[in-house]
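Trainee: The structure is given below, and queries will be raised subsequently.
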Amino acid sequence: MCSICGIVDFIHEERANEGCVRKMGEALAHRGPDQQGVYVAKGVAFQHNRLAIMDVERGLQPMTRVYEGRKYTIVYNGEIYNTPELTKMIEKAGVKLQTTCDTEVVLYLYILLKEQCANYLNGIFAFAVWDESKHEVYLARDRFGIKPFFYTQVGSTLLFASEVKGLLAHDQVKSVLDQEGLWQLLYLAPTKIGGTSVFKDILEIPTGYYGVYNKSGLKLTKYWELEAKAFEGTEQDAVEETKRLVTDAITRQLVSDVPLATLLSGGLDSSIISSVAARKYAAEGRQLGTYSFEYAGNKENFHATLFQPQSDDEYARYLAHELGTHHQVLTADIDSLIKLLYDATLYRDLPGMADIDSSLLYYCSQVKKEHTVVLSGECADEIFGGYPWFYRPEMLQSGFFPWIHDATKRASLFQDKWVKPDEGLAFAQSVYQKSVAECPVLDSDNASMRQSRIATCLSVHYFMTSLLERKDRMSMASGVEVRVPFADHRILEFIYNVPWEIKFKNQVEKALLREAMQDYLPDKILNRKKSPYPKTHNPAYEAKVIKLLESRLNDSDCRIKELINKVALEDILATQNVTWFGQLMSKPQLLAWLLQLDYWLVNYNVDIQL
């Protein structure tokens with residue numbers, strides 16, 4: 001994994017200079033601590049920070065190749081899991097590759113196929129290619145947006161970077177929050193509208209899109225979208241194909257030239273990945289490393305909920321023993337969670353998920369001591385239907401995003417003159433309604449199948465995207481690459497069209513996945529109720545957050561003080577803990593989010609323009 005950034009200007013070519021692009025790259029250095037490189041041509045400047053995973057010695061970037069007398073240069077961030085097949089295709093075309101890294105494969109795929117190259121890639125990626133003969137730059141991003149790709153335009157200049165901070169390092173880019181950006185923060189965050197960044201005029205290459213930038217400007221084209229199709233197989237066909245796809249995706253992602261481990265919570269998804277990986281390692285005479293996460297004080301303070309019915313610790317230890325892995329339990333203390341709230345905001349470039357972010361940041365810093373690559377179980381719930389809103393109709397029929405239990409809760413903490421609550425809620429509802437309308441369905445779908453499709457689309461395009469963003473930023477902050485095997489477009493394309501009655505057989509969440517992978521897991525794990533990423537249940541955390549927030553509100557440079565509705569905040573402080581977003585964000589996270597928001601407004605010097 002790496003960071004990329006660039007400046008392109010075909011009108012005022014001097015603006016694409018080494019000094020400016022180096023400054024942008026310095027802001028992203030945490031993503032690629034191993035190597036740095038710069039390429040400058042007329043009107044084009046690329047910079048790359050590398051976290052070396054494959055072909056450490058020869059995979060330097062920016063990478064330039066000359067083919068049939070024409071020069072091409074790439075900056076690339078990602079991992080391509082069908083590299084062996086693509087390598088054969090490229091070599092069959094007469095190309096002799098100079099490295100074994102996927103960067104060169106992606107570059108030659110563009111050289112041979114031009115704009116259609118992204119269609120052939122199975123993996124996670126964001127990259128730019130300078131095509132000198134055509135005098136244009138090609139940009140592409142993976143189907144789920146696992147790798148970030150932000151851009152902005154300043155006059156005739158196109159700027160792009162892996163993170164917003166890379167763009168803000170350029171003198172001509174300002175951190176501005178307009179009304180719709182504020183509404184996204186208050187009604188939708190940590191999810192956001194695809195293609196946006198919350199900052200005014202700073203956008204993303206949308207998921208599943210490529211772009212071409214030349215003297216005519218930037219043209220974006222969608223190369224992938226989910227399709228609704230009739231399922232023509234049997235239940236057993238669904239089981240066998242699911243097993244094939246899942247095991248293939250996991251196995252492909254075990255390739256690495258540096259130490260690799262898995263994150264093992266003891267839940268179904270991470271256990272499947274760890275089991276497949278452990279078997280492959282054992283066959284090669286190796287022992288897999290696994291990690292689970294815990295919080296100081298959780299054993300004494302855990303309380304079961306609809307979203308988190310069981311604690312993870314005993315299950316992770318049990319399966320690690322069964323698989324024979326080298327298992328380590330990483331424990332986060334309360335002070336680390338609070339201390340890293342601000343660092344998590346910096347790495348995400350936004351107030352995110354409070355201690356859910358800061359804890360992952362802490363854990364990744366510990367993982368980095370022994371491993372550079374880890375596999376994680378995200379995305380199975382969104383694809384296979386593991387969340388309560390897939391099978392609890394009242395959640396999906398609330399008229400709003402089902403993981404947001406109270407659409408007005410957070411916005412009510414702010415003064416009406418800033419929020420414009422009636423307009424803000426209407427805006428957020430319109431985003432939801434538009435998203436539902438865009439979900440691909442068939443006229444022949446029954447009610448449960450239609451509900452399944454809508455829940456899948458909403459989850460994949462919003463909830464999953466937010467979790468993947470969090471995983472990328474918090475892991476890359478420590479120079480750790482996290483791979484997510486369930487986020488394989490082949491799996492989603494197939495599962496999306498399997499009847500809900502098969503996926504939810506006997507009223508069991510992710511029944512299809514359980515049946516397909518039953519040979520890999522003991523019953524204790526196979527039949528376990530879904531358990532999400534863990535959070536702290538220690539009341540000391542909430543107490544410390546409240547004290548810190550109250551102190552901050554008394555500081556002269558506090559930015560949220562002018563925005564906050566003091567009466568509403570006092571009401572929240574006096575109420576009991578209630579989960580308001582997804583499985584994890586309740587009262588302590590909401591209060592910590594306010595601290596993150598204030599820190600973001602101050603440190604990013606955000607100009608609020610409503």
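Chain lettering (A, B, ...) mirrors the order of the structure tokens, residue numbering begins at 1 for each chain separately, and ligand numbering begins at 1 in order of display.
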Show which residues sit within 9 Å of Glu232 (chain A), as a list in words. Count only C-alpha atoms, and ignore same-chain residues fewer than 2 positions away.

Mentor: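 So the residues in contact are Ala230, Thr234 and Val498 of chain A.
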
Trainee: Could you turn the residues from that selection into a file that holds N, CA and C atoms, as a PDB file, in the first residue's frame?

Mentor:
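Okay, this is what ended up in selection36.pdb:
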```pdb
ATOM      1  N   ALA A 230     -31.990 -12.646 -12.486  1.00  0.00           N
ATOM      2  CA  ALA A 230     -32.747 -13.776 -11.951  1.00  0.00           C
ATOM      3  C   ALA A 230     -31.778 -14.898 -11.571  1.00  0.00           C
ATOM      4  N   THR A 234     -29.841 -23.903  -8.067  1.00  0.00           N
ATOM      5  CA  THR A 234     -30.492 -24.497  -6.904  1.00  0.00           C
ATOM      6  C   THR A 234     -29.834 -23.970  -5.630  1.00  0.00           C
ATOM      7  N   VAL A 498     -28.845 -14.128  -5.239  1.00  0.00           N
ATOM      8  CA  VAL A 498     -29.329 -15.341  -4.574  1.00  0.00           C
ATOM      9  C   VAL A 498     -30.580 -14.993  -3.781  1.00  0.00           C
TER      10      VAL A 498
END
```

Trainee: Please list as a CSV table (one decimal) with N, CA, C and O atoms, in the first residue's frame every residue within 8 Å of region 98-115 of chain A, counting only C-alpha atoms and excluding residues in the same chain fewer than 2 positions away.

Mentor:
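Contents of selection_0.csv, as written:
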```
chain,number,residue,atom,x,y,z
A,54,MET,N,5.3,-6.2,-2.3
A,54,MET,CA,5.8,-7.1,-3.3
A,54,MET,C,7.0,-6.6,-4.0
A,54,MET,O,7.0,-5.4,-4.3
A,55,ASP,N,7.9,-7.5,-4.3
A,55,ASP,CA,9.1,-7.1,-5.1
A,55,ASP,C,9.7,-5.8,-4.5
A,55,ASP,O,9.8,-4.8,-5.2
A,58,ARG,N,12.5,-3.8,-6.6
A,58,ARG,CA,12.4,-3.3,-7.9
A,58,ARG,C,11.1,-2.6,-8.2
A,58,ARG,O,10.9,-2.1,-9.3
A,59,GLY,N,10.2,-2.5,-7.2
A,59,GLY,CA,8.9,-1.9,-7.4
A,59,GLY,C,8.8,-0.5,-7.2
A,59,GLY,O,7.7,0.0,-6.7
A,63,MET,N,6.6,4.8,-11.8
A,63,MET,CA,7.2,3.8,-12.6
A,63,MET,C,6.9,4.2,-14.1
A,63,MET,O,5.8,4.5,-14.5
A,67,TYR,N,6.8,1.8,-24.5
A,67,TYR,CA,6.2,0.7,-25.3
A,67,TYR,C,5.9,1.2,-26.7
A,67,TYR,O,5.2,2.1,-26.9
A,72,TYR,N,4.9,6.0,-20.8
A,72,TYR,CA,3.8,5.9,-19.9
A,72,TYR,C,4.4,5.9,-18.5
A,72,TYR,O,5.3,5.2,-18.2
A,73,THR,N,3.8,6.7,-17.6
A,73,THR,CA,4.2,6.7,-16.2
A,73,THR,C,3.0,6.6,-15.2
A,73,THR,O,2.0,7.2,-15.4
A,74,ILE,N,3.2,5.7,-14.2
A,74,ILE,CA,2.1,5.4,-13.3
A,74,ILE,C,2.5,5.8,-11.8
A,74,ILE,O,3.7,5.6,-11.4
A,76,TYR,N,0.6,4.5,-8.3
A,76,TYR,CA,-0.4,3.4,-8.0
A,76,TYR,C,-0.4,3.1,-6.5
A,76,TYR,O,0.6,3.0,-5.8
A,79,GLU,N,-3.5,-3.3,-4.4
A,79,GLU,CA,-3.1,-4.7,-4.5
A,79,GLU,C,-4.0,-5.4,-5.5
A,79,GLU,O,-5.3,-5.3,-5.3
A,80,ILE,N,-3.5,-6.0,-6.5
A,80,ILE,CA,-4.3,-6.7,-7.5
A,80,ILE,C,-4.2,-8.2,-7.3
A,80,ILE,O,-3.1,-8.8,-7.3
A,83,THR,N,-3.3,-10.9,-10.3
A,83,THR,CA,-2.0,-10.6,-11.0
A,83,THR,C,-1.5,-11.8,-11.8
A,83,THR,O,-1.0,-11.6,-13.0
A,86,LEU,N,-3.3,-11.9,-15.2
A,86,LEU,CA,-3.0,-10.7,-16.0
A,86,LEU,C,-1.6,-10.8,-16.5
A,86,LEU,O,-1.3,-10.3,-17.6
A,87,THR,N,-0.7,-11.3,-15.7
A,87,THR,CA,0.7,-11.4,-16.2
A,87,THR,C,0.8,-12.3,-17.4
A,87,THR,O,1.5,-12.0,-18.4
A,90,ILE,N,-0.5,-10.4,-20.4
A,90,ILE,CA,0.4,-9.3,-20.8
A,90,ILE,C,1.6,-10.0,-21.6
A,90,ILE,O,2.1,-9.5,-22.6
A,96,LYS,N,7.8,-8.3,-21.9
A,96,LYS,CA,8.6,-8.9,-21.0
A,96,LYS,C,8.7,-8.0,-19.7
A,96,LYS,O,9.3,-7.0,-19.7
A,117,CYS,N,-8.9,-0.9,-19.0
A,117,CYS,CA,-8.1,-1.7,-18.2
A,117,CYS,C,-8.7,-2.0,-16.8
A,117,CYS,O,-8.5,-3.1,-16.2
A,118,ALA,N,-9.4,-1.0,-16.2
A,118,ALA,CA,-10.0,-1.2,-14.9
A,118,ALA,C,-10.9,-2.4,-14.8
A,118,ALA,O,-11.0,-3.0,-13.7
A,129,VAL,N,-2.2,7.3,-14.6
A,129,VAL,CA,-1.2,7.0,-15.6
A,129,VAL,C,-1.1,8.2,-16.5
A,129,VAL,O,-2.1,8.7,-17.1
A,138,TYR,N,-4.9,9.3,-17.1
A,138,TYR,CA,-6.0,8.3,-16.8
A,138,TYR,C,-6.0,8.1,-15.3
A,138,TYR,O,-4.9,7.8,-14.7
A,210,TYR,N,-13.6,5.4,-13.8
A,210,TYR,CA,-12.3,5.9,-14.2
A,210,TYR,C,-12.5,7.2,-14.8
A,210,TYR,O,-13.6,7.7,-15.1
```

Trainee: So which one's closest to Gly377 (chain A), A:Gly399, A:Gly181, A:Pro148, A:Pro485? Using only C-alpha atoms, please.

Mentor: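 Closest residue, counting only C-alpha atoms: A:Pro485.
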
Trainee: Counting only C-alpha atoms, what is within 12 Å of Gln184 (chain A), bar same-chain residues fewer than 2 positions away, as a PyMOL selection string?

Mentor: chain A and resi 177-182+186-194+196-200+350-352+407+410-411+419+424-429+431-432

Trainee: Grab the residues selected above and save them as a compact mmCIF listing (two decimals), in the first residue's frame with C-alpha atoms.

Mentor:
```
# COMPACT_ATOMS: atom_id res chain seq x y z
CA LEU A 177 -17.48 23.63 4.84
CA ASP A 178 -20.71 24.68 3.14
CA GLN A 179 -24.30 23.94 4.18
CA GLU A 180 -24.53 20.53 2.51
CA GLY A 181 -21.18 19.56 3.98
CA LEU A 182 -22.41 20.49 7.46
CA LEU A 186 -24.67 16.16 11.36
CA TYR A 187 -27.15 13.79 9.71
CA LEU A 188 -25.09 11.16 7.88
CA ALA A 189 -21.53 10.95 9.26
CA PRO A 190 -19.47 8.84 9.50
CA THR A 191 -21.12 7.80 6.22
CA LYS A 192 -21.16 10.36 3.44
CA ILE A 193 -22.44 10.80 -0.07
CA GLY A 194 -20.30 8.96 -2.60
CA THR A 196 -17.83 13.87 -2.01
CA SER A 197 -15.41 14.63 0.81
CA VAL A 198 -17.61 16.96 2.95
CA PHE A 199 -15.14 19.76 2.11
CA LYS A 200 -16.48 22.15 -0.51
CA LEU A 350 -12.81 14.29 9.48
CA PRO A 351 -14.45 13.65 12.83
CA GLY A 352 -15.23 9.95 12.41
CA ALA A 407 -31.94 11.00 12.44
CA ARG A 410 -26.87 14.74 16.69
CA ALA A 411 -28.20 17.74 14.76
CA VAL A 419 -28.34 23.49 11.18
CA GLY A 424 -31.25 19.64 6.81
CA LEU A 425 -33.48 16.66 7.54
CA ALA A 426 -35.20 17.07 4.17
CA PHE A 427 -31.80 17.07 2.47
CA ALA A 428 -30.72 13.89 4.27
CA GLN A 429 -34.04 12.20 3.52
CA VAL A 431 -30.27 11.46 -0.21
CA TYR A 432 -31.83 8.31 1.26
```

Trainee: Just asking: which residues within region 10-216 of chain A are strand (DSSP E or B) according to DSSP, as a VMD selection string?

Mentor: chain A and resid 33 35 to 41 44 to 50 63 to 67 70 to 80 123 to 131 136 to 141 150 to 154 157 to 161 176 to 178 196 203 to 204 209 to 214

Trainee: Rank A:Phe581, A:Leu526, A:Leu97, A:Phe125 by their smallest atom-to-atom distance to Trp403 (chain A), using only C-alpha atoms, and report the top residue only.

Mentor: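 Of the candidates, the smallest distance to Trp403 (chain A) is held by A:Phe581.
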
Trainee: What's the 8 Å shell around Lys147 (chain A), counting only C-alpha atoms, without same-chain residues fewer than 2 positions away, as a PyMOL selection string?

Mentor: chain A and resi 77-78+124-126+141-142+145+149+162+469+472

Trainee: Keeping only all heavy atoms, write those residues as a PDB file, in the first residue's frame.

Mentor:
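This is the output file out24.pdb:
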```pdb
ATOM      1  N   ASN A  77      -1.627   2.930  -5.981  1.00  0.00           N
ATOM      2  CA  ASN A  77      -1.849   2.519  -4.595  1.00  0.00           C
ATOM      3  C   ASN A  77      -2.827   1.359  -4.628  1.00  0.00           C
ATOM      4  O   ASN A  77      -3.967   1.529  -5.069  1.00  0.00           O
ATOM      5  CB  ASN A  77      -2.432   3.686  -3.784  1.00  0.00           C
ATOM      6  CG  ASN A  77      -2.900   3.265  -2.402  1.00  0.00           C
ATOM      7  OD1 ASN A  77      -2.383   2.320  -1.833  1.00  0.00           O
ATOM      8  ND2 ASN A  77      -3.881   3.972  -1.871  1.00  0.00           N
ATOM      9  N   GLY A  78      -2.393   0.175  -4.218  1.00  0.00           N
ATOM     10  CA  GLY A  78      -3.337  -0.931  -4.224  1.00  0.00           C
ATOM     11  C   GLY A  78      -2.694  -2.289  -4.200  1.00  0.00           C
ATOM     12  O   GLY A  78      -1.486  -2.435  -3.968  1.00  0.00           O
ATOM     13  N   ILE A 124      -7.901  -3.973  -5.008  1.00  0.00           N
ATOM     14  CA  ILE A 124      -8.126  -2.667  -4.403  1.00  0.00           C
ATOM     15  C   ILE A 124      -7.114  -1.712  -5.020  1.00  0.00           C
ATOM     16  O   ILE A 124      -5.916  -1.995  -5.034  1.00  0.00           O
ATOM     17  CB  ILE A 124      -7.995  -2.746  -2.872  1.00  0.00           C
ATOM     18  CG1 ILE A 124      -6.652  -3.334  -2.439  1.00  0.00           C
ATOM     19  CG2 ILE A 124      -9.112  -3.606  -2.301  1.00  0.00           C
ATOM     20  CD1 ILE A 124      -6.464  -3.469  -0.940  1.00  0.00           C
ATOM     21  N   PHE A 125      -7.590  -0.590  -5.538  1.00  0.00           N
ATOM     22  CA  PHE A 125      -6.651   0.247  -6.284  1.00  0.00           C
ATOM     23  C   PHE A 125      -7.145   1.671  -6.467  1.00  0.00           C
ATOM     24  O   PHE A 125      -8.345   1.956  -6.507  1.00  0.00           O
ATOM     25  CB  PHE A 125      -6.358  -0.351  -7.665  1.00  0.00           C
ATOM     26  CG  PHE A 125      -7.578  -0.622  -8.515  1.00  0.00           C
ATOM     27  CD1 PHE A 125      -8.135   0.365  -9.312  1.00  0.00           C
ATOM     28  CD2 PHE A 125      -8.184  -1.879  -8.508  1.00  0.00           C
ATOM     29  CE1 PHE A 125      -9.254   0.124 -10.097  1.00  0.00           C
ATOM     30  CE2 PHE A 125      -9.310  -2.133  -9.287  1.00  0.00           C
ATOM     31  CZ  PHE A 125      -9.848  -1.140 -10.085  1.00  0.00           C
ATOM     32  N   ALA A 126      -6.165   2.550  -6.562  1.00  0.00           N
ATOM     33  CA  ALA A 126      -6.350   3.929  -7.008  1.00  0.00           C
ATOM     34  C   ALA A 126      -5.061   4.290  -7.717  1.00  0.00           C
ATOM     35  O   ALA A 126      -3.980   4.164  -7.140  1.00  0.00           O
ATOM     36  CB  ALA A 126      -6.605   4.863  -5.832  1.00  0.00           C
ATOM     37  N   ARG A 141     -10.334   4.022  -9.942  1.00  0.00           N
ATOM     38  CA  ARG A 141     -10.529   3.619  -8.544  1.00  0.00           C
ATOM     39  C   ARG A 141     -11.306   2.313  -8.493  1.00  0.00           C
ATOM     40  O   ARG A 141     -12.156   2.046  -9.339  1.00  0.00           O
ATOM     41  CB  ARG A 141     -11.296   4.710  -7.782  1.00  0.00           C
ATOM     42  CG  ARG A 141     -11.314   4.508  -6.273  1.00  0.00           C
ATOM     43  CD  ARG A 141     -12.052   5.636  -5.606  1.00  0.00           C
ATOM     44  NE  ARG A 141     -12.010   5.520  -4.160  1.00  0.00           N
ATOM     45  CZ  ARG A 141     -12.901   6.057  -3.341  1.00  0.00           C
ATOM     46  NH1 ARG A 141     -13.903   6.776  -3.845  1.00  0.00           N
ATOM     47  NH2 ARG A 141     -12.806   5.895  -2.039  1.00  0.00           N
ATOM     48  N   ASP A 142     -11.028   1.510  -7.474  1.00  0.00           N
ATOM     49  CA  ASP A 142     -11.652   0.187  -7.394  1.00  0.00           C
ATOM     50  C   ASP A 142     -13.159   0.262  -7.172  1.00  0.00           C
ATOM     51  O   ASP A 142     -13.717   1.314  -6.855  1.00  0.00           O
ATOM     52  CB  ASP A 142     -10.989  -0.667  -6.314  1.00  0.00           C
ATOM     53  CG  ASP A 142     -11.194  -0.144  -4.902  1.00  0.00           C
ATOM     54  OD1 ASP A 142     -12.332  -0.161  -4.415  1.00  0.00           O
ATOM     55  OD2 ASP A 142     -10.201   0.273  -4.273  1.00  0.00           O
ATOM     56  N   GLY A 145     -14.258   1.332  -3.584  1.00  0.00           N
ATOM     57  CA  GLY A 145     -13.609   2.490  -2.983  1.00  0.00           C
ATOM     58  C   GLY A 145     -12.760   2.139  -1.781  1.00  0.00           C
ATOM     59  O   GLY A 145     -12.620   2.941  -0.851  1.00  0.00           O
ATOM     60  N   PHE A 149      -9.264   8.157  -3.261  1.00  0.00           N
ATOM     61  CA  PHE A 149      -8.775   8.910  -4.420  1.00  0.00           C
ATOM     62  C   PHE A 149      -9.534  10.241  -4.470  1.00  0.00           C
ATOM     63  O   PHE A 149     -10.625  10.336  -5.022  1.00  0.00           O
ATOM     64  CB  PHE A 149      -9.018   8.128  -5.701  1.00  0.00           C
ATOM     65  CG  PHE A 149      -8.114   8.503  -6.855  1.00  0.00           C
ATOM     66  CD1 PHE A 149      -7.810   7.573  -7.844  1.00  0.00           C
ATOM     67  CD2 PHE A 149      -7.563   9.761  -6.965  1.00  0.00           C
ATOM     68  CE1 PHE A 149      -6.981   7.886  -8.911  1.00  0.00           C
ATOM     69  CE2 PHE A 149      -6.732  10.100  -8.017  1.00  0.00           C
ATOM     70  CZ  PHE A 149      -6.435   9.150  -8.998  1.00  0.00           C
ATOM     71  N   SER A 162      -4.239  10.756  -2.239  1.00  0.00           N
ATOM     72  CA  SER A 162      -4.858   9.638  -1.529  1.00  0.00           C
ATOM     73  C   SER A 162      -5.688  10.098  -0.341  1.00  0.00           C
ATOM     74  O   SER A 162      -6.622   9.403   0.066  1.00  0.00           O
ATOM     75  CB  SER A 162      -3.790   8.650  -1.044  1.00  0.00           C
ATOM     76  OG  SER A 162      -3.141   8.022  -2.124  1.00  0.00           O
ATOM     77  N   GLU A 469     -13.283   3.019   4.706  1.00  0.00           N
ATOM     78  CA  GLU A 469     -12.528   4.263   4.837  1.00  0.00           C
ATOM     79  C   GLU A 469     -11.796   4.285   6.174  1.00  0.00           C
ATOM     80  O   GLU A 469     -10.608   4.621   6.253  1.00  0.00           O
ATOM     81  CB  GLU A 469     -13.465   5.465   4.721  1.00  0.00           C
ATOM     82  CG  GLU A 469     -12.778   6.796   4.943  1.00  0.00           C
ATOM     83  CD  GLU A 469     -13.763   7.953   4.974  1.00  0.00           C
ATOM     84  OE1 GLU A 469     -14.136   8.425   3.890  1.00  0.00           O
ATOM     85  OE2 GLU A 469     -14.168   8.360   6.085  1.00  0.00           O
ATOM     86  N   ASP A 472      -8.889   1.802   6.151  1.00  0.00           N
ATOM     87  CA  ASP A 472      -7.755   2.285   5.362  1.00  0.00           C
ATOM     88  C   ASP A 472      -6.984   3.358   6.109  1.00  0.00           C
ATOM     89  O   ASP A 472      -5.753   3.288   6.226  1.00  0.00           O
ATOM     90  CB  ASP A 472      -8.245   2.844   4.026  1.00  0.00           C
ATOM     91  CG  ASP A 472      -7.123   3.497   3.235  1.00  0.00           C
ATOM     92  OD1 ASP A 472      -6.383   2.770   2.554  1.00  0.00           O
ATOM     93  OD2 ASP A 472      -6.981   4.739   3.320  1.00  0.00           O
TER      94      ASP A 472
END
```

Trainee: Of the candidates A:Arg143, A:Lys368, A:Lys339, A:Arg473, which one gets nearest to Asn119 (chain A) if we count only C-alpha atoms?

Mentor: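 Closest to Asn119 (chain A), using only C-alpha atoms: A:Arg143.
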